[in-house]
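Trainee: Could you have a look at this structure, given as structure tokens, before my questions?
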Amino acid sequence: MTYTSYDGKTARLSIASSKDLISWTKHGLVMKGEKYADTWSKAGAIVGVLEGNRVIAKKIDGKYWMYFGDT
């Protein structure tokens, strides 16, 4: 899941995962590093594929992809 984390000054795109949608593990900021410290990045969608009744993140050319935007 992607979500917006906000420190009162800057909104940043973060990511978390869950196996049961009850307990979540936060993995931190999507765009890490000093270069992105003050960059707003609050909207993201991971490219997925439907397998049965589950949506699974899809690799394209050996990498996982995500569309994001804001400013």
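Letters A, B, ... go to the chains of the structure tokens in the order shown; residues in each chain start at 1; ligands are counted from 1 in the same order.
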With only C-alpha atoms as the counted atoms, please give the residues lying no more than 12 Å from A:Ser17, apart from itself and same-chain residues fewer than 6 positions off, as a PyMOL selection string.

Mentor: chain A and resi 1-3+23-28+57

Trainee: Which residues, written as a ChimeraX atom specification, have at least one atom at most 10 Å from A:Tyr64, with only C-alpha atoms counted and residues fewer than 3 positions away on the same chain left out?

Mentor: /A:46-48,57-61

Trainee: Take the selection from the previous step and output its residues with C-alpha atoms, as a compact mmCIF listing (two decimals), in the first residue's frame.

Mentor:
# COMPACT_ATOMS: atom_id res chain seq x y z
CA ILE A 46 2.02 0.44 -8.02
CA VAL A 47 1.53 -1.33 -11.36
CA GLY A 48 -0.22 -4.61 -10.70
CA ALA A 57 2.85 -6.16 -8.17
CA LYS A 58 4.07 -6.72 -11.73
CA LYS A 59 7.67 -6.68 -12.90
CA ILE A 60 8.29 -4.92 -16.20
CA ASP A 61 11.75 -5.41 -17.72

Trainee: Please identify the strand (DSSP E) residues within chain A (assignment by DSSP from backbone atoms) and present them as a VMD selection string.

Mentor: chain A and resid 2 to 6 11 to 17 25 to 29 43 to 46 48 to 51 54 to 57 59 to 60 63 to 64 66 to 69

Trainee: Would you kindly return, as an MDAnalysis selection string, each protein, DNA or RNA residue with an atom no farther than 10 Å from any atom of A:Lys32, considering only C-alpha atoms and excluding same-chain residues fewer than 3 positions away?

Mentor: chainID A and resid 12:14 28:29 35:37

Trainee: Hey, can you check how far atom CA of A:Tyr67 sits from atom CA of A:Gly44?

Mentor: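 Spanning atom CA of A:Tyr67 to atom CA of A:Gly44 is a straight-line distance of 5.6 Å.
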
Trainee: Interatomic distance between atom CA of A:Lys9 and atom CA of A:Phe68?

Mentor: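 Interatomic distance here is 19.6 Å.
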